[in-house]
Amino acid sequence: MERLEGLGAKAHNITLSRRQANPFSDIRYCWQIFRIVKKNKPALVLGYTIKPNIWGTFATTLARVNSAIIITGLGYAFLDNKGFKNKIRQKIVQLLYRLATNANKFVIFQNIDDRDDFVAAGCLGNLDKVRIMNGSGVNMHHFTKVPLPDKPVFLMIARLLVSKGVREYAAAAQQVMKKNKDTVFLLAGYIDEGPDSITSQELEEWQARGINYLGPLDDIRNAMIKASVYALPSYREGTPRTVLEAMAMGRPIITSDAPGCRETVINNQTGFLVPVKNADLLADAMLLLANNRALREEMGKASFRYCSERFDVQKVNSKLLDDIGLSASL
């Protein structure tokens with residue numbers, strides 16, 4: 001709250017259950033937003049992530065205020081269709097999104113694949129509302145370029161979810177450590193709730209096999225300074241923020257050839273793209289960088305340049321404000 005207010009924003013506390021699928025809780029959340037919007041009468045309400053996107057739009061529609069939403073990725077609830085309950089949940093989410101986007105002035109995506117899949121699922125009918133942004137951008141004055149350490153040190157930062165590719169990271173690490181004894185593997189993040197989460201037992205087993213677990217981090221920069229390569233073998237993203245932060249700090253990237261992830265890497269120049277759910281090819285890419293310090297340096301410099309050209313937050317925000325017609329009002 002204090003940090004937001006320090007930036008000149010007025011913050012409001014609202015009760016939101018991020019994971020729980022409780023319609024009464026969601027309706028209460030919608031009502032709370034409605035009351036704030038009705039009282040403050042903003043020119044535009046910008047939603048971000050699934051519940052604020054859907055219920056925030058319903059609230060702003062009731063308050064007769066324009067709204068826009070940012071689709072930061074098609075997450076687990078949207079994509080997983082295994083089992084009857086998941087299929088029903090998916091259909092409900094898609095219907096709610098269709099109702100919301102009918103009312104939105106703009107629908108903003110972080111990559112083309114998400115836009116295409118969102119439209120194919122029937123969640124958006126009017127393509128004139130679509131805008132594309134290069135992720136959320138990265139503050140390159142906060143995440144500054146620093147020299148790579150001499151040794152091959154790999155880092156992954158993520159919620160410890162199966163869909164983030166954390167199991168593939170752990171499996172690939174085992175292969176690499178057997179072939180290159182100097183290699184170090186770092187893992188940071190917290191165990192999330194829900195069916196997609198890994199277990200505490202899995203994490204303990206990985207630690208016993210040599211992976212250094214750093215726990216959740218409020219500031220990732222110290223961990224990134226220790227790393228010479230950043231890896232995120234996620235199954236799908238909007239645009240992964242930690243990858244952008246690693247690029248801004250001059251780290252080569254290994255990530256998945258998957259929506260959202262593939263946009264952050266020029267394959268074989270700023271890092272490597274590997275197939276989703278393939279620990280063996282992930283390990284191969286890791287070994288190439290682990291065994292070649294000069295290649296790490298070269299790719300790290302190229303990664304930084306690519307980040308500066310495409311993902312600098314000043315450039316991203318400026319384009320977004322232009323796209324939704326707010327630049328003239330600032």
# chains A, B, ... in the order shown; residues from 1 in each chain; ligands from 1
>>> residues_around(residues="segment 162-167 of chain A", least_positions_apart="3", cutoff="9 Å", atoms="only C-alpha atoms", output="list in words")
Gly75, Tyr76, Met156, Ala158, Arg159, Ala170, Ala171, Ala172, Leu187, Asp196, Ser197, Ile198, Glu202, Leu232, Pro233, Ser234, Tyr235, Arg236, Glu237, Ser256, Val276, Lys277 and Ala279 of chain A
>>> write_last_selection(atoms="C-alpha atoms", output="PDB file, in the first residue's frame")
ATOM      1  CA  GLY A  75      -3.297 -20.248 -17.271  1.00  0.00           C
ATOM      2  CA  TYR A  76      -4.023 -23.624 -15.729  1.00  0.00           C
ATOM      3  CA  MET A 156      15.209 -20.769 -12.175  1.00  0.00           C
ATOM      4  CA  ALA A 158       9.047 -19.448 -10.437  1.00  0.00           C
ATOM      5  CA  ARG A 159       6.094 -20.600  -8.429  1.00  0.00           C
ATOM      6  CA  ALA A 170      15.239 -30.649 -11.780  1.00  0.00           C
ATOM      7  CA  ALA A 171      15.571 -33.650 -14.106  1.00  0.00           C
ATOM      8  CA  ALA A 172      17.870 -31.794 -16.517  1.00  0.00           C
ATOM      9  CA  LEU A 187      15.948 -22.739  -7.636  1.00  0.00           C
ATOM     10  CA  ASP A 196      -0.657 -28.076 -10.316  1.00  0.00           C
ATOM     11  CA  SER A 197       1.743 -27.639  -7.419  1.00  0.00           C
ATOM     12  CA  ILE A 198       4.737 -29.854  -6.751  1.00  0.00           C
ATOM     13  CA  GLU A 202       9.687 -33.577  -4.324  1.00  0.00           C
ATOM     14  CA  LEU A 232      12.562 -21.218 -17.404  1.00  0.00           C
ATOM     15  CA  PRO A 233      11.223 -24.367 -19.121  1.00  0.00           C
ATOM     16  CA  SER A 234       7.586 -23.290 -18.655  1.00  0.00           C
ATOM     17  CA  TYR A 235       4.768 -24.901 -20.611  1.00  0.00           C
ATOM     18  CA  ARG A 236       3.219 -21.530 -21.470  1.00  0.00           C
ATOM     19  CA  GLU A 237       3.362 -17.892 -20.367  1.00  0.00           C
ATOM     20  CA  SER A 256      10.604 -23.283 -23.885  1.00  0.00           C
ATOM     21  CA  VAL A 276       8.131 -28.203 -23.888  1.00  0.00           C
ATOM     22  CA  LYS A 277       8.339 -31.068 -21.356  1.00  0.00           C
ATOM     23  CA  ALA A 279      14.226 -32.598 -19.946  1.00  0.00           C
TER      24      ALA A 279
END
>>> residues_around(residues="Val274 of chain A", least_positions_apart="6", cutoff="8 Å", atoms="only C-alpha atoms", output="PDB file with all heavy atoms, in the first residue's frame")
ATOM      1  N   PRO A 233      11.830 -23.434 -18.165  1.00  0.00           N
ATOM      2  CA  PRO A 233      11.223 -24.367 -19.121  1.00  0.00           C
ATOM      3  C   PRO A 233       9.700 -24.474 -18.963  1.00  0.00           C
ATOM      4  O   PRO A 233       9.126 -25.562 -18.899  1.00  0.00           O
ATOM      5  CB  PRO A 233      11.915 -25.689 -18.788  1.00  0.00           C
ATOM      6  CG  PRO A 233      12.220 -25.581 -17.327  1.00  0.00           C
ATOM      7  CD  PRO A 233      12.490 -24.133 -17.052  1.00  0.00           C
ATOM      8  N   ILE A 254      17.631 -19.852 -21.352  1.00  0.00           N
ATOM      9  CA  ILE A 254      17.104 -21.106 -21.901  1.00  0.00           C
ATOM     10  C   ILE A 254      15.643 -21.171 -21.489  1.00  0.00           C
ATOM     11  O   ILE A 254      15.319 -21.151 -20.289  1.00  0.00           O
ATOM     12  CB  ILE A 254      17.847 -22.339 -21.360  1.00  0.00           C
ATOM     13  CG1 ILE A 254      19.331 -22.281 -21.708  1.00  0.00           C
ATOM     14  CG2 ILE A 254      17.233 -23.616 -21.936  1.00  0.00           C
ATOM     15  CD1 ILE A 254      20.148 -23.432 -21.110  1.00  0.00           C
ATOM     16  N   THR A 255      14.774 -21.230 -22.475  1.00  0.00           N
ATOM     17  CA  THR A 255      13.357 -21.309 -22.162  1.00  0.00           C
ATOM     18  C   THR A 255      12.649 -22.165 -23.207  1.00  0.00           C
ATOM     19  O   THR A 255      13.274 -22.643 -24.156  1.00  0.00           O
ATOM     20  CB  THR A 255      12.724 -19.904 -22.067  1.00  0.00           C
ATOM     21  OG1 THR A 255      11.406 -19.994 -21.497  1.00  0.00           O
ATOM     22  CG2 THR A 255      12.643 -19.235 -23.431  1.00  0.00           C
ATOM     23  N   SER A 256      11.360 -22.362 -23.035  1.00  0.00           N
ATOM     24  CA  SER A 256      10.604 -23.283 -23.885  1.00  0.00           C
ATOM     25  C   SER A 256      10.194 -22.622 -25.191  1.00  0.00           C
ATOM     26  O   SER A 256       9.915 -21.416 -25.241  1.00  0.00           O
ATOM     27  CB  SER A 256       9.338 -23.753 -23.156  1.00  0.00           C
ATOM     28  OG  SER A 256       9.657 -24.332 -21.920  1.00  0.00           O
ATOM     29  N   ASP A 257      10.136 -23.430 -26.210  1.00  0.00           N
ATOM     30  CA  ASP A 257       9.586 -22.979 -27.487  1.00  0.00           C
ATOM     31  C   ASP A 257       8.069 -23.063 -27.385  1.00  0.00           C
ATOM     32  O   ASP A 257       7.415 -23.904 -27.997  1.00  0.00           O
ATOM     33  CB  ASP A 257      10.120 -23.848 -28.626  1.00  0.00           C
ATOM     34  CG  ASP A 257       9.764 -23.289 -29.992  1.00  0.00           C
ATOM     35  OD1 ASP A 257       9.224 -22.177 -30.067  1.00  0.00           O
ATOM     36  OD2 ASP A 257      10.029 -23.988 -30.996  1.00  0.00           O
ATOM     37  N   LEU A 281      16.521 -32.585 -23.887  1.00  0.00           N
ATOM     38  CA  LEU A 281      17.005 -31.499 -24.744  1.00  0.00           C
ATOM     39  C   LEU A 281      17.299 -30.241 -23.932  1.00  0.00           C
ATOM     40  O   LEU A 281      18.173 -29.453 -24.297  1.00  0.00           O
ATOM     41  CB  LEU A 281      15.996 -31.214 -25.853  1.00  0.00           C
ATOM     42  CG  LEU A 281      15.870 -32.314 -26.915  1.00  0.00           C
ATOM     43  CD1 LEU A 281      14.882 -31.920 -27.995  1.00  0.00           C
ATOM     44  CD2 LEU A 281      17.226 -32.641 -27.527  1.00  0.00           C
ATOM     45  N   LEU A 282      16.583 -30.065 -22.834  1.00  0.00           N
ATOM     46  CA  LEU A 282      16.902 -28.979 -21.909  1.00  0.00           C
ATOM     47  C   LEU A 282      18.300 -29.177 -21.345  1.00  0.00           C
ATOM     48  O   LEU A 282      19.112 -28.230 -21.290  1.00  0.00           O
ATOM     49  CB  LEU A 282      15.863 -28.927 -20.785  1.00  0.00           C
ATOM     50  CG  LEU A 282      16.115 -27.929 -19.647  1.00  0.00           C
ATOM     51  CD1 LEU A 282      16.165 -26.499 -20.172  1.00  0.00           C
ATOM     52  CD2 LEU A 282      15.037 -28.073 -18.571  1.00  0.00           C
ATOM     53  N   ALA A 285      20.997 -28.298 -23.932  1.00  0.00           N
ATOM     54  CA  ALA A 285      21.220 -26.850 -24.045  1.00  0.00           C
ATOM     55  C   ALA A 285      22.002 -26.326 -22.845  1.00  0.00           C
ATOM     56  O   ALA A 285      22.904 -25.481 -22.996  1.00  0.00           O
ATOM     57  CB  ALA A 285      19.874 -26.129 -24.149  1.00  0.00           C
TER      58      ALA A 285
END
>>> atom_distance(atom1="atom CA of Asn212 of chain A", atom2="atom CA of Gly73 of chain A")
28.6 Å
>>> closest_residue(among="A:Ile36, A:Leu96, A:Ile191, A:Leu217", to="Ile54 of chain A", atoms="only C-alpha atoms")
A:Leu96
>>> closest_atom_pairs(of="segment 273-314 of chain A", to="segment 125-148 of chain A", cutoff="12 Å", atoms="only C-alpha atoms", output="tab-separated table")
residue	atom	partner	partner_atom	distance
A:Arg293	CA	A:Leu148	CA	9.4
A:Ala294	CA	A:Leu148	CA	10.7
A:Leu295	CA	A:Leu148	CA	11.5
A:Arg296	CA	A:Leu148	CA	8.2
A:Glu297	CA	A:Leu148	CA	7.2
A:Glu298	CA	A:Leu148	CA	10.7
A:Met299	CA	A:Leu148	CA	11.0
A:Gly300	CA	A:Leu148	CA	8.2
A:Lys301	CA	A:Lys145	CA	9.1
A:Ala302	CA	A:Lys145	CA	11.7
A:Ser303	CA	A:Lys145	CA	10.4
A:Phe304	CA	A:Lys145	CA	7.4
A:Arg305	CA	A:Lys145	CA	10.3
A:Cys307	CA	A:Val138	CA	8.3
A:Ser308	CA	A:Met140	CA	7.7
A:Glu309	CA	A:Asn134	CA	10.9
A:Arg310	CA	A:Asn134	CA	7.1
A:Phe311	CA	A:Gly137	CA	4.8
A:Asp312	CA	A:Val138	CA	5.3
A:Val313	CA	A:Gly137	CA	4.0
A:Gln314	CA	A:Asn139	CA	7.7
>>> select_by_dssp(residues="segment 18-261 of chain A", states="alpha helix (DSSP H)", output="PyMOL selection string")
chain A and resi 23-40+50-62+76-79+84-103+112-120+166-179+200-208+221-226+241-248
>>> residues_around(residues="Gly215 of chain A", least_positions_apart="6", cutoff="9 Å", atoms="only C-alpha atoms", output="PyMOL selection string")
chain A and resi 187-190
>>> select_by_dssp(residues="segment 1-120 of chain A", states="strand (DSSP E)", output="PyMOL selection string")
chain A and resi 45-48+67-71+106-109
>>> write_last_selection(atoms="C-alpha atoms", output="CSV table (one decimal), in the first residue's frame")
chain,number,residue,atom,x,y,z
A,45,VAL,CA,-10.5,0.7,-15.5
A,46,LEU,CA,-7.6,-1.6,-16.5
A,47,GLY,CA,-7.9,-5.2,-15.4
A,48,TYR,CA,-5.0,-7.6,-15.0
A,67,SER,CA,-12.8,-0.9,-19.2
A,68,ALA,CA,-9.8,-2.7,-20.7
A,69,ILE,CA,-8.2,-5.9,-19.7
A,70,ILE,CA,-4.7,-7.4,-20.1
A,71,ILE,CA,-4.5,-11.2,-20.8
A,106,PHE,CA,-9.8,-2.9,-25.4
A,107,VAL,CA,-8.5,-6.5,-24.9
A,108,ILE,CA,-4.7,-6.5,-24.6
A,109,PHE,CA,-2.5,-9.6,-25.1
>>> closest_residue(among="A:Thr57, A:Gln174, A:Thr72, A:Asn13", to="Ala100 of chain A", atoms="only C-alpha atoms")
A:Thr57
>>> closest_residue(among="A:Leu289, A:Ala246, A:Met224, A:Leu95", to="Lys151 of chain A", atoms="only C-alpha atoms")
A:Leu289
>>> closest_residue(among="A:Arg221, A:Arg262, A:Lys178, A:Lys51", to="Glu245 of chain A", atoms="only C-alpha atoms")
A:Arg221
